[in-house]
Amino acid sequence: MAETDTITEEQAAAEMARIAAEMARADIAYYQNDAPYLTDAEYDALKLRNQQLEELFPHLIRDDSPSKKVGAKVRDDFAKVELKVPMLSLANIFSYEEIDSFVAGIRRFLGTDEDIAFMAEPKIDGLSFNARYEKGVFVQGSTRGDGATGEDITENLRTIKSLPQKIEGKVPDILEIRGEVYMSKTDFFALNEKNLREGKKLFANPRNAAAGSLRQLDASITRERKLSLFAYTWGELSEIPWQSQSEFFDLLKRWGFPTNPNNRFCPDTECLKQSYTDLLAIRADLPYDIDGIVYKVNSRALQERLGYLTRTPRWATAHKFPAERAITRINNIRIQVGRTGALTPVADLEPVNVGGVIVSHATLHNEDEIKRKDIRIGDSVIVQRAGDVIPQVVEVLKEKRRPDSVEFKFPEICPECGAHAIREEDEAVRRCTGGLTCPAQAIERLKHFVSREAFDIEGLGSKIIEQFYNEGILRSPVDIFTLEERNGSPVRGDDLFAALVQNGLHLERRDGWGKKSVENLFNAIRERTTISLPRFIYALGIRQVGTATARLIAKNYGSFGIFMQDMVNGETQKLLEIDGIGESMANDIVEFFKEEHNKNTVRLLLEKVKVEDFIDTTDYNTPLAGKTVVFTGTLEKMTRAEAKAKALGNGAKVAGSVSKNTDYVIEGADAGSKAKKARELEIPILTEDEFLSLTGQ
Ligand code: IVH
């Protein structure tokens with residue numbers, strides 16, 4: 001190796017080429033062949049040498065330089081990946097009875113009494129991924145994100161040795177494989193021990209450790225962490241060379257993907273129950289965390305017939321394991337004030353390990369719950385945690401109650417703002433009446449407004465919202481969109497006087513901020529000045545309106561203007577007709593729009609942001625789109641439920657009776673009065689096959 005300080009440009013170029021080739025070879029050996037031939041130290045030495053040369057001769061930096069690949073911070077942030085086929089979640093069940101009703105529901109939908117075959121698969125507690133292959137070559141990796149848009153983690157996934165970089169043999173041109181990235185229990189404990197020694201942050205559980213390791217901008221950090229994965233489903237495909245979930249697993253194995261050895265084929269319901277018991281028995285001994293078992297209808301044809309609800313398939317469900325429990329003591333009870341003013345009592349606990357996670361707080365839900373369970377400060381209690389939910393106090397161990405335990409007096413005044421906290425009749429919750437004058441509520445609303453499923457504004461984390469609120473920089477969501485103009489424009493030239501008198505926030509002068517981070521924040525805000533309708537509705541933080549309800553409203557109203565007008569006029573007819581929105585929810589929505597300050601905030605917001613009309617994903621480009629259809633008689637190829645789902649998916653409306661507004665009547669066997677009426681009104685009558693061909697089948 002030539003000495004760095006005397007090296008010529010020519011020598012440097014040659015050496016950089018050599019290093020690039022060498023490290024590319026080492027990468028293949030490491031990532032693809034599982035046979036590294038360089039030690040970590042040798043690898044790092046090459047990397048360092050390349051870096052030195054690049055500093056000396058920046059114009060010689062190669063396109064294929066190792067500094068641009070794994071280990072290099074090439075991106076400011078994760079790029080977004082549009083998922084062609086959304087990544088959905090699963091409905092949960094918790095008991096054997098629910099297995100029976102899950103299977104019964106499927107049989108009813110399909111109109112059969114026969115046994116349905118399933119796959120029963122451990123539910124890995126990790127982070128789901130999508131790996132895209134084009135002509136057998138791994139080209140892109142993504143997280144699930146919000147299900148429709150994920151984060152680009154291509155380079156991070158590449159560092160996981162067990163993910164094939166290239167698939168041999170016959171594969172679909174476009175093949176997206178999905179599964180779960182996880183960290184084994186052993187690797188998790190080792191990582192935490194190392195972090196403890198180095199004074200770094202500890203992870204609460206293997207799942208968090210896996211997520212923290214995978215979602216790293218610098219993929220060399222991912223590489224250092226030991227991650228593993230299991231493949232279990234698919235996304236976009238150019239063709240589908242398998243007929244069932246079990247055949248899919250066979251192919252996955254042939255292609256070199258890790259699949260869970262405890263996946264089991266189940267010919268009937270009894271076997272699902274047995275699988276649950278068996279898995280629960282070996283749960284603690286598995287080298288990785290699982291939080292339940294997933295049952296999937298095996299046949300792909302049946303999966304397709306069963307289809308999807310809003311966010312979950314009808315053909316699969318997750319049977320969750322019971323929560324894990326531990327005994328500890330309540331050190332204190334305090335009150336948290338939420339976004340909607342609800343006062344929630346929280347117990348500060350003596351920290352305790354519950355199934356591998358250190359728990360130091362638990363929710364006590366509300367006033368009645370404390371009374372009902374007779375929970376006192378100083379009590380010994382059983383706490384439990386299940387999945388992502390906040391730990392809960394299950395019961396008090398009365399026999400261990402100490403004489404100095406203290407009863408908790410629920411406050412009637414908001415501890416955050418001093419306003420009255422009122423409990424309406426029939427309500428379990430006591431609420432602060434301070435509205436937006438209560439700092440806790442205002443701050444929580446702002447946090448909600450910028451959160452991931454709402455405006456998703458990166459750079460406005462919880463801490464910053466709190467600081468900005470307390471300093472009066474942000475008081476209402478509208479203020480977010482005036483931040484940039486309030487920040488003060490840069491003073492041109494060296495006009496010292498102008499610089500002195502110009503006022504403005506000058507966020508770039510704050511501790512921990514710089515020009516770049518302020519610019520990034522403003523860019524992030526500007527990007528959000530156009531927003532989808534469901535996100536906007538959700539962001540408003542209306543009581544009871546979560547993401548699913550926001551979507552329903554968006555789908556049924558199409559535009560914010562129409563929705564708001566109806567609400568302001570107290571016009572709830574259309575709202576109540578939406579399947580999934582009940583009276584109490586409708587009330588909360590109308591109440592929200594009754595409040596003058598809410599209306600004002602929304603109006604001011606609409607001056608700053610453009611809310612897109614909702615584009616429905618239903619296929620309206622079909623002969624049935626916009627038509628009203630009525631089914632009558634016994635259908636032979638599908639059940640009513642299935643036929644109805646098909647019609648809706650094709651943009652049709654399904655009515656229960658025939659009128660002059662009916663476009664088609666679909667007639668099955670033994671049709672009665674409806675068919676007669678259709679003939680009288682001269683409405684076109686279709687056979688089942690004719691209907692199917694209109695749906696493109
Ligand atoms: S199938 C439409 N199979 O559980 C089917 N998911 O609550 C979608 N998960 O987001 C998923 N193990 O992250 C499936 N064997 C398995 C799984 C599994 C873990 C996770 C996955 C998913 C979540 C659903």
# chains A, B, ... in the order shown; residues from 1 in each chain; ligands from 1
call {"tool": "residues_near_ligand", "arguments": {"ligand": "ligand 1", "cutoff": "7 Å", "atoms": "only C-alpha atoms and all ligand atoms", "output": "compact mmCIF listing (two decimals) with all heavy atoms, in the first residue's frame"}}
result
# COMPACT_ATOMS: atom_id res chain seq x y z
N MET A 87 -50.41 -3.74 2.97
CA MET A 87 -50.06 -4.71 4.02
C MET A 87 -51.10 -4.56 5.13
O MET A 87 -51.18 -3.53 5.77
CB MET A 87 -48.65 -4.44 4.55
CG MET A 87 -47.60 -4.86 3.55
SD MET A 87 -45.93 -4.37 4.02
CE MET A 87 -45.48 -5.71 5.14
N LEU A 88 -51.88 -5.62 5.30
CA LEU A 88 -53.02 -5.53 6.22
C LEU A 88 -52.66 -6.07 7.58
O LEU A 88 -51.58 -6.58 7.81
CB LEU A 88 -54.19 -6.34 5.64
CG LEU A 88 -54.63 -5.88 4.26
CD1 LEU A 88 -55.62 -6.85 3.68
CD2 LEU A 88 -55.21 -4.48 4.32
N SER A 89 -53.60 -5.95 8.51
CA SER A 89 -53.38 -6.60 9.80
C SER A 89 -54.42 -7.70 9.98
O SER A 89 -55.18 -8.00 9.06
CB SER A 89 -53.42 -5.59 10.93
OG SER A 89 -54.64 -4.91 10.89
N LEU A 90 -54.44 -8.29 11.15
CA LEU A 90 -55.35 -9.42 11.38
C LEU A 90 -56.31 -9.08 12.51
O LEU A 90 -55.95 -8.37 13.45
CB LEU A 90 -54.54 -10.66 11.79
CG LEU A 90 -53.59 -11.22 10.74
CD1 LEU A 90 -52.66 -12.24 11.36
CD2 LEU A 90 -54.37 -11.85 9.59
N ALA A 91 -57.50 -9.62 12.44
CA ALA A 91 -58.42 -9.50 13.57
C ALA A 91 -57.90 -10.43 14.67
O ALA A 91 -57.19 -11.39 14.39
CB ALA A 91 -59.82 -9.92 13.13
N GLU A 121 -49.99 -20.96 12.16
CA GLU A 121 -48.60 -20.48 12.17
C GLU A 121 -48.33 -19.65 13.43
O GLU A 121 -49.16 -18.82 13.79
CB GLU A 121 -48.35 -19.57 10.95
CG GLU A 121 -48.76 -20.19 9.63
CD GLU A 121 -48.81 -19.15 8.50
OE1 GLU A 121 -48.28 -18.03 8.68
OE2 GLU A 121 -49.38 -19.46 7.44
N PRO A 122 -47.18 -19.86 14.05
CA PRO A 122 -46.85 -19.00 15.20
C PRO A 122 -46.90 -17.53 14.77
O PRO A 122 -46.49 -17.21 13.65
CB PRO A 122 -45.42 -19.40 15.55
CG PRO A 122 -45.25 -20.76 14.99
CD PRO A 122 -46.13 -20.84 13.77
N LYS A 123 -47.41 -16.68 15.63
CA LYS A 123 -47.45 -15.25 15.31
C LYS A 123 -46.19 -14.61 15.89
O LYS A 123 -46.07 -14.44 17.10
CB LYS A 123 -48.71 -14.61 15.89
CG LYS A 123 -48.87 -13.16 15.51
CD LYS A 123 -50.27 -12.69 15.87
CE LYS A 123 -50.55 -11.28 15.40
NZ LYS A 123 -49.64 -10.29 15.95
N ILE A 124 -45.26 -14.32 15.02
CA ILE A 124 -43.96 -13.82 15.44
C ILE A 124 -44.12 -12.37 15.89
O ILE A 124 -44.75 -11.57 15.21
CB ILE A 124 -42.96 -13.84 14.27
CG1 ILE A 124 -43.05 -15.16 13.49
CG2 ILE A 124 -41.54 -13.58 14.76
CD1 ILE A 124 -42.75 -16.36 14.30
N ASP A 125 -43.53 -12.05 17.04
CA ASP A 125 -43.65 -10.70 17.57
C ASP A 125 -42.45 -9.88 17.10
O ASP A 125 -41.47 -9.72 17.80
CB ASP A 125 -43.70 -10.74 19.09
CG ASP A 125 -44.30 -9.48 19.67
OD1 ASP A 125 -44.75 -8.64 18.87
OD2 ASP A 125 -44.31 -9.35 20.90
N GLY A 126 -42.54 -9.40 15.88
CA GLY A 126 -41.43 -8.63 15.32
C GLY A 126 -41.96 -7.48 14.51
O GLY A 126 -42.90 -6.80 14.93
N LEU A 127 -41.38 -7.31 13.34
CA LEU A 127 -41.69 -6.15 12.51
C LEU A 127 -41.92 -6.66 11.10
O LEU A 127 -41.07 -7.38 10.56
CB LEU A 127 -40.43 -5.30 12.51
CG LEU A 127 -40.56 -3.87 12.16
CD1 LEU A 127 -41.11 -3.18 13.39
CD2 LEU A 127 -39.19 -3.31 11.83
N SER A 128 -43.07 -6.36 10.49
CA SER A 128 -43.28 -6.98 9.18
C SER A 128 -42.53 -6.23 8.09
O SER A 128 -42.28 -5.04 8.17
CB SER A 128 -44.76 -7.12 8.87
OG SER A 128 -45.41 -5.92 9.13
N GLY A 179 -42.99 -11.02 5.44
CA GLY A 179 -42.78 -11.81 6.64
C GLY A 179 -42.41 -10.91 7.79
O GLY A 179 -42.71 -9.72 7.78
N GLU A 180 -41.75 -11.50 8.77
CA GLU A 180 -41.47 -10.78 10.01
C GLU A 180 -39.97 -10.80 10.30
O GLU A 180 -39.35 -11.85 10.25
CB GLU A 180 -42.23 -11.49 11.14
CG GLU A 180 -42.49 -10.66 12.34
CD GLU A 180 -43.81 -9.85 12.22
OE1 GLU A 180 -44.43 -9.85 11.14
OE2 GLU A 180 -44.18 -9.22 13.23
N TYR A 232 -43.89 -15.42 5.44
CA TYR A 232 -45.18 -16.10 5.61
C TYR A 232 -46.29 -15.65 4.67
O TYR A 232 -47.36 -16.22 4.67
CB TYR A 232 -45.66 -16.00 7.06
CG TYR A 232 -45.68 -14.59 7.64
CD1 TYR A 232 -46.53 -13.62 7.13
CD2 TYR A 232 -44.84 -14.25 8.69
CE1 TYR A 232 -46.55 -12.34 7.65
CE2 TYR A 232 -44.85 -12.97 9.22
CZ TYR A 232 -45.70 -12.02 8.70
OH TYR A 232 -45.72 -10.76 9.20
N THR A 233 -46.08 -14.59 3.89
CA THR A 233 -47.14 -14.24 2.94
C THR A 233 -46.56 -13.47 1.77
O THR A 233 -45.33 -13.34 1.65
CB THR A 233 -48.31 -13.49 3.64
OG1 THR A 233 -49.44 -13.46 2.77
CG2 THR A 233 -47.93 -12.07 4.01
N VAL A 294 -51.55 -17.74 14.24
CA VAL A 294 -52.36 -17.21 13.14
C VAL A 294 -53.00 -18.38 12.40
O VAL A 294 -52.31 -19.35 12.07
CB VAL A 294 -51.49 -16.40 12.15
CG1 VAL A 294 -52.34 -15.83 11.01
CG2 VAL A 294 -50.75 -15.28 12.87
N THR A 312 -58.71 -6.05 7.38
CA THR A 312 -58.29 -7.41 7.71
C THR A 312 -58.93 -8.42 6.77
O THR A 312 -60.03 -8.20 6.27
CB THR A 312 -58.74 -7.76 9.15
OG1 THR A 312 -60.16 -7.58 9.23
CG2 THR A 312 -58.08 -6.88 10.19
N PRO A 313 -58.22 -9.53 6.53
CA PRO A 313 -58.83 -10.56 5.68
C PRO A 313 -59.90 -11.33 6.45
O PRO A 313 -59.82 -11.46 7.66
CB PRO A 313 -57.65 -11.47 5.34
CG PRO A 313 -56.64 -11.24 6.39
CD PRO A 313 -56.86 -9.88 6.96
N ALA A 316 -58.41 -15.09 7.57
CA ALA A 316 -57.36 -15.34 8.57
C ALA A 316 -57.68 -14.59 9.85
O ALA A 316 -58.39 -13.59 9.83
CB ALA A 316 -56.00 -14.88 8.04
N ALA A 318 -55.90 -13.87 14.13
CA ALA A 318 -54.82 -14.12 15.09
C ALA A 318 -55.43 -14.52 16.42
O ALA A 318 -56.28 -13.81 16.94
CB ALA A 318 -53.97 -12.87 15.25
call {"tool": "residues_around", "arguments": {"residues": "region 334-339 of chain A", "least_positions_apart": "3", "cutoff": "8 Å", "atoms": "only C-alpha atoms", "output": "VMD selection string"}}
result
chain A and resid 342 to 348 414 to 416 432 440 to 445 448 541
call {"tool": "closest_residue", "arguments": {"among": "A:Glu636, A:Val352, A:Ile7, A:Lys371", "to": "Lys409 (chain A)", "atoms": "only C-alpha atoms"}}
result
A:Lys371
call {"tool": "atom_distance", "arguments": {"atom1": "CA of Trp513 (chain A)", "atom2": "CA of Gly461 (chain A)"}}
result
13.5 Å
call {"tool": "residues_around", "arguments": {"residues": "Met119 (chain A)", "least_positions_apart": "6", "cutoff": "8 Å", "atoms": "only C-alpha atoms", "output": "list in words"}}
result
Gln245, Ser246, Asn263, Arg264, Phe265, Cys266, Val294, Tyr295, Lys296, Val297 and Asn298 of chain A
call {"tool": "write_last_selection", "arguments": {"atoms": "C-alpha atoms", "output": "PDB file, in the first residue's frame"}}
result
ATOM      1  CA  GLN A 245     -50.715 -21.452   1.725  1.00  0.00           C
ATOM      2  CA  SER A 246     -49.044 -24.849   2.285  1.00  0.00           C
ATOM      3  CA  ASN A 263     -46.133 -23.941  10.929  1.00  0.00           C
ATOM      4  CA  ARG A 264     -48.706 -26.712  10.797  1.00  0.00           C
ATOM      5  CA  PHE A 265     -51.226 -27.893   8.206  1.00  0.00           C
ATOM      6  CA  CYS A 266     -54.641 -28.379   9.821  1.00  0.00           C
ATOM      7  CA  VAL A 294     -52.362 -17.213  13.137  1.00  0.00           C
ATOM      8  CA  TYR A 295     -54.988 -19.354  11.416  1.00  0.00           C
ATOM      9  CA  LYS A 296     -55.207 -18.972   7.632  1.00  0.00           C
ATOM     10  CA  VAL A 297     -57.598 -20.704   5.247  1.00  0.00           C
ATOM     11  CA  ASN A 298     -55.260 -22.898   3.225  1.00  0.00           C
TER      12      ASN A 298
END
call {"tool": "closest_residue", "arguments": {"among": "A:Asp426, A:Met638, A:Asn661, A:Phe563", "to": "Phe691 (chain A)", "atoms": "only C-alpha atoms"}}
result
A:Met638
call {"tool": "residues_around", "arguments": {"residues": "region 574-590 of chain A", "least_positions_apart": "5", "cutoff": "7 Å", "atoms": "only C-alpha atoms", "output": "PyMOL selection string"}}
result
chain A and resi 542-544+567
call {"tool": "select_by_dssp", "arguments": {"residues": "region 247-388 of chain A", "states": "strand (DSSP E)", "output": "PyMOL selection string"}}
result
chain A and resi 264-266+290-297+316-320+324-337+343-354+357-363+376-377+380-385
call {"tool": "closest_residue", "arguments": {"among": "A:Glu607, A:Asp146, A:Glu425, A:Asp456", "to": "Leu83 (chain A)", "atoms": "only C-alpha atoms"}}
result
A:Asp146
call {"tool": "atom_distance", "arguments": {"atom1": "CA of Arg300 (chain A)", "atom2": "CA of Lys135 (chain A)"}}
result
23.4 Å
call {"tool": "residues_around", "arguments": {"residues": "region 554-556 of chain A", "least_positions_apart": "2", "cutoff": "8 Å", "atoms": "only C-alpha atoms", "output": "list in words"}}
result
Leu533, Pro534, Ile537, Ala550, Arg551, Leu552, Gly558, Ser559, Phe560, Ile578, Phe614, Ile615 and Asp616 of chain A
call {"tool": "write_last_selection", "arguments": {"atoms": "N, CA, C and O atoms", "output": "PDB file, in the first residue's frame"}}
result
ATOM      1  N   LEU A 533     -58.074  13.117   2.696  1.00  0.00           N
ATOM      2  CA  LEU A 533     -59.267  13.351   3.517  1.00  0.00           C
ATOM      3  C   LEU A 533     -59.285  12.516   4.808  1.00  0.00           C
ATOM      4  O   LEU A 533     -59.535  13.071   5.882  1.00  0.00           O
ATOM      5  N   PRO A 534     -59.005  11.189   4.741  1.00  0.00           N
ATOM      6  CA  PRO A 534     -59.052  10.431   5.996  1.00  0.00           C
ATOM      7  C   PRO A 534     -58.047  10.955   7.029  1.00  0.00           C
ATOM      8  O   PRO A 534     -58.355  11.043   8.210  1.00  0.00           O
ATOM      9  N   ILE A 537     -59.413  14.226   8.615  1.00  0.00           N
ATOM     10  CA  ILE A 537     -60.504  13.994   9.567  1.00  0.00           C
ATOM     11  C   ILE A 537     -59.959  13.397  10.864  1.00  0.00           C
ATOM     12  O   ILE A 537     -60.285  13.837  11.956  1.00  0.00           O
ATOM     13  N   ALA A 550     -62.459   7.512  10.430  1.00  0.00           N
ATOM     14  CA  ALA A 550     -62.119   8.612   9.527  1.00  0.00           C
ATOM     15  C   ALA A 550     -62.196   8.148   8.073  1.00  0.00           C
ATOM     16  O   ALA A 550     -62.707   8.851   7.199  1.00  0.00           O
ATOM     17  N   ARG A 551     -61.739   6.930   7.840  1.00  0.00           N
ATOM     18  CA  ARG A 551     -61.790   6.384   6.476  1.00  0.00           C
ATOM     19  C   ARG A 551     -63.226   6.195   6.012  1.00  0.00           C
ATOM     20  O   ARG A 551     -63.588   6.485   4.882  1.00  0.00           O
ATOM     21  N   LEU A 552     -64.050   5.664   6.926  1.00  0.00           N
ATOM     22  CA  LEU A 552     -65.461   5.450   6.583  1.00  0.00           C
ATOM     23  C   LEU A 552     -66.124   6.763   6.191  1.00  0.00           C
ATOM     24  O   LEU A 552     -66.858   6.837   5.202  1.00  0.00           O
ATOM     25  N   GLY A 558     -66.695  11.786   0.616  1.00  0.00           N
ATOM     26  CA  GLY A 558     -65.890  12.142  -0.557  1.00  0.00           C
ATOM     27  C   GLY A 558     -65.137  13.451  -0.433  1.00  0.00           C
ATOM     28  O   GLY A 558     -64.011  13.555  -0.869  1.00  0.00           O
ATOM     29  N   SER A 559     -65.777  14.488   0.137  1.00  0.00           N
ATOM     30  CA  SER A 559     -65.059  15.758   0.232  1.00  0.00           C
ATOM     31  C   SER A 559     -65.300  16.368   1.604  1.00  0.00           C
ATOM     32  O   SER A 559     -66.368  16.203   2.200  1.00  0.00           O
ATOM     33  N   PHE A 560     -64.289  17.095   2.105  1.00  0.00           N
ATOM     34  CA  PHE A 560     -64.413  17.647   3.442  1.00  0.00           C
ATOM     35  C   PHE A 560     -65.508  18.700   3.508  1.00  0.00           C
ATOM     36  O   PHE A 560     -66.250  18.792   4.477  1.00  0.00           O
ATOM     37  N   ILE A 578     -74.118   5.084   7.748  1.00  0.00           N
ATOM     38  CA  ILE A 578     -72.852   4.395   7.499  1.00  0.00           C
ATOM     39  C   ILE A 578     -72.723   3.207   8.445  1.00  0.00           C
ATOM     40  O   ILE A 578     -72.857   3.352   9.656  1.00  0.00           O
ATOM     41  N   PHE A 614     -61.615  12.303  -1.513  1.00  0.00           N
ATOM     42  CA  PHE A 614     -61.265  10.901  -1.291  1.00  0.00           C
ATOM     43  C   PHE A 614     -61.458  10.081  -2.559  1.00  0.00           C
ATOM     44  O   PHE A 614     -62.512  10.112  -3.179  1.00  0.00           O
ATOM     45  N   ILE A 615     -60.393   9.379  -2.923  1.00  0.00           N
ATOM     46  CA  ILE A 615     -60.503   8.503  -4.089  1.00  0.00           C
ATOM     47  C   ILE A 615     -60.778   7.101  -3.560  1.00  0.00           C
ATOM     48  O   ILE A 615     -59.953   6.498  -2.880  1.00  0.00           O
ATOM     49  N   ASP A 616     -61.926   6.604  -3.872  1.00  0.00           N
ATOM     50  CA  ASP A 616     -62.343   5.288  -3.416  1.00  0.00           C
ATOM     51  C   ASP A 616     -61.582   4.209  -4.202  1.00  0.00           C
ATOM     52  O   ASP A 616     -61.372   4.360  -5.396  1.00  0.00           O
TER      53      ASP A 616
END
call {"tool": "closest_atom_pairs", "arguments": {"of": "region 198-280 of chain A", "to": "region 39-61 of chain A", "cutoff": "12 Å", "atoms": "only C-alpha atoms", "output": "JSON lines"}}
result
{"residue": "A:Ser220", "atom": "CA", "partner": "A:Asp44", "partner_atom": "CA", "distance": 10.9}
{"residue": "A:Arg223", "atom": "CA", "partner": "A:Asp40", "partner_atom": "CA", "distance": 11.3}
{"residue": "A:Glu224", "atom": "CA", "partner": "A:Asp40", "partner_atom": "CA", "distance": 10.1}
call {"tool": "write_last_selection", "arguments": {"atoms": "N, CA, C and O atoms", "output": "PDB file, in the first residue's frame"}}
result
ATOM      1  N   SER A 220     -25.117   0.087   8.389  1.00  0.00           N
ATOM      2  CA  SER A 220     -24.041  -0.674   9.024  1.00  0.00           C
ATOM      3  C   SER A 220     -24.411  -0.972  10.471  1.00  0.00           C
ATOM      4  O   SER A 220     -23.922  -1.930  11.064  1.00  0.00           O
ATOM      5  N   ARG A 223     -26.424  -3.979  10.354  1.00  0.00           N
ATOM      6  CA  ARG A 223     -25.554  -5.125  10.115  1.00  0.00           C
ATOM      7  C   ARG A 223     -24.940  -5.653  11.404  1.00  0.00           C
ATOM      8  O   ARG A 223     -24.753  -6.857  11.585  1.00  0.00           O
ATOM      9  N   GLU A 224     -24.619  -4.744  12.324  1.00  0.00           N
ATOM     10  CA  GLU A 224     -24.012  -5.164  13.589  1.00  0.00           C
ATOM     11  C   GLU A 224     -24.990  -5.907  14.487  1.00  0.00           C
ATOM     12  O   GLU A 224     -24.607  -6.723  15.301  1.00  0.00           O
TER      13      GLU A 224
END
call {"tool": "select_by_dssp", "arguments": {"residues": "region 407-482 of chain A", "states": "helix (DSSP H, G or I)", "output": "PyMOL selection string"}}
result
chain A and resi 435-437+439-450+462-470+477-480
call {"tool": "residues_around", "arguments": {"residues": "Gly169 (chain A)", "least_positions_apart": "2", "cutoff": "9 Å", "atoms": "only C-alpha atoms", "output": "ChimeraX atom specification"}}
result
/A:136,167,171,255
call {"tool": "write_last_selection", "arguments": {"atoms": "all heavy atoms", "output": "mmCIF file, in the first residue's frame"}}
result
data_model
loop_
_atom_site.group_PDB
_atom_site.id
_atom_site.type_symbol
_atom_site.label_atom_id
_atom_site.label_comp_id
_atom_site.auth_asym_id
_atom_site.auth_seq_id
_atom_site.Cartn_x
_atom_site.Cartn_y
_atom_site.Cartn_z
ATOM 1 N N GLY A 136 -36.170 -12.441 -10.063
ATOM 2 C CA GLY A 136 -35.412 -13.244 -9.099
ATOM 3 C C GLY A 136 -34.370 -12.480 -8.297
ATOM 4 O O GLY A 136 -33.686 -13.053 -7.466
ATOM 5 N N ILE A 167 -32.911 -15.343 -6.267
ATOM 6 C CA ILE A 167 -33.603 -16.623 -6.179
ATOM 7 C C ILE A 167 -33.305 -17.410 -7.445
ATOM 8 O O ILE A 167 -33.438 -16.880 -8.552
ATOM 9 C CB ILE A 167 -35.129 -16.414 -6.054
ATOM 10 C CG1 ILE A 167 -35.432 -15.442 -4.919
ATOM 11 C CG2 ILE A 167 -35.823 -17.731 -5.822
ATOM 12 C CD1 ILE A 167 -36.888 -15.053 -4.843
ATOM 13 N N VAL A 171 -39.073 -18.328 -11.177
ATOM 14 C CA VAL A 171 -39.828 -17.473 -10.247
ATOM 15 C C VAL A 171 -40.630 -16.453 -11.038
ATOM 16 O O VAL A 171 -40.252 -16.087 -12.147
ATOM 17 C CB VAL A 171 -38.903 -16.661 -9.289
ATOM 18 C CG1 VAL A 171 -38.316 -17.519 -8.223
ATOM 19 C CG2 VAL A 171 -37.829 -15.918 -10.048
ATOM 20 N N TRP A 255 -37.037 -21.787 -2.482
ATOM 21 C CA TRP A 255 -36.356 -20.552 -2.901
ATOM 22 C C TRP A 255 -35.348 -20.060 -1.874
ATOM 23 O O TRP A 255 -34.658 -19.071 -2.089
ATOM 24 C CB TRP A 255 -37.398 -19.450 -3.134
ATOM 25 C CG TRP A 255 -38.187 -19.648 -4.386
ATOM 26 C CD1 TRP A 255 -37.806 -20.321 -5.497
ATOM 27 C CD2 TRP A 255 -39.508 -19.131 -4.653
ATOM 28 N NE1 TRP A 255 -38.798 -20.272 -6.450
ATOM 29 C CE2 TRP A 255 -39.847 -19.544 -5.955
ATOM 30 C CE3 TRP A 255 -40.413 -18.367 -3.926
ATOM 31 C CZ2 TRP A 255 -41.061 -19.216 -6.549
ATOM 32 C CZ3 TRP A 255 -41.618 -18.033 -4.512
ATOM 33 C CH2 TRP A 255 -41.944 -18.461 -5.813
#
call {"tool": "closest_atom_pairs", "arguments": {"of": "region 379-442 of chain A", "to": "region 470-489 of chain A", "cutoff": "10 Å", "atoms": "only C-alpha atoms", "output": "tab-separated table"}}
result
residue	atom	partner	partner_atom	distance
A:Leu436	CA	A:Ser476	CA	8.7
A:Thr437	CA	A:Arg475	CA	9.7
A:Pro439	CA	A:Asn470	CA	8.3
A:Ala442	CA	A:Arg475	CA	7.2
call {"tool": "atom_distance", "arguments": {"atom1": "CA of Ile531 (chain A)", "atom2": "CA of Glu612 (chain A)"}}
result
6.0 Å
call {"tool": "residues_around", "arguments": {"residues": "Ala669 (chain A)", "least_positions_apart": "5", "cutoff": "8 Å", "atoms": "only C-alpha atoms", "output": "PyMOL selection string"}}
result
chain A and resi 633-636
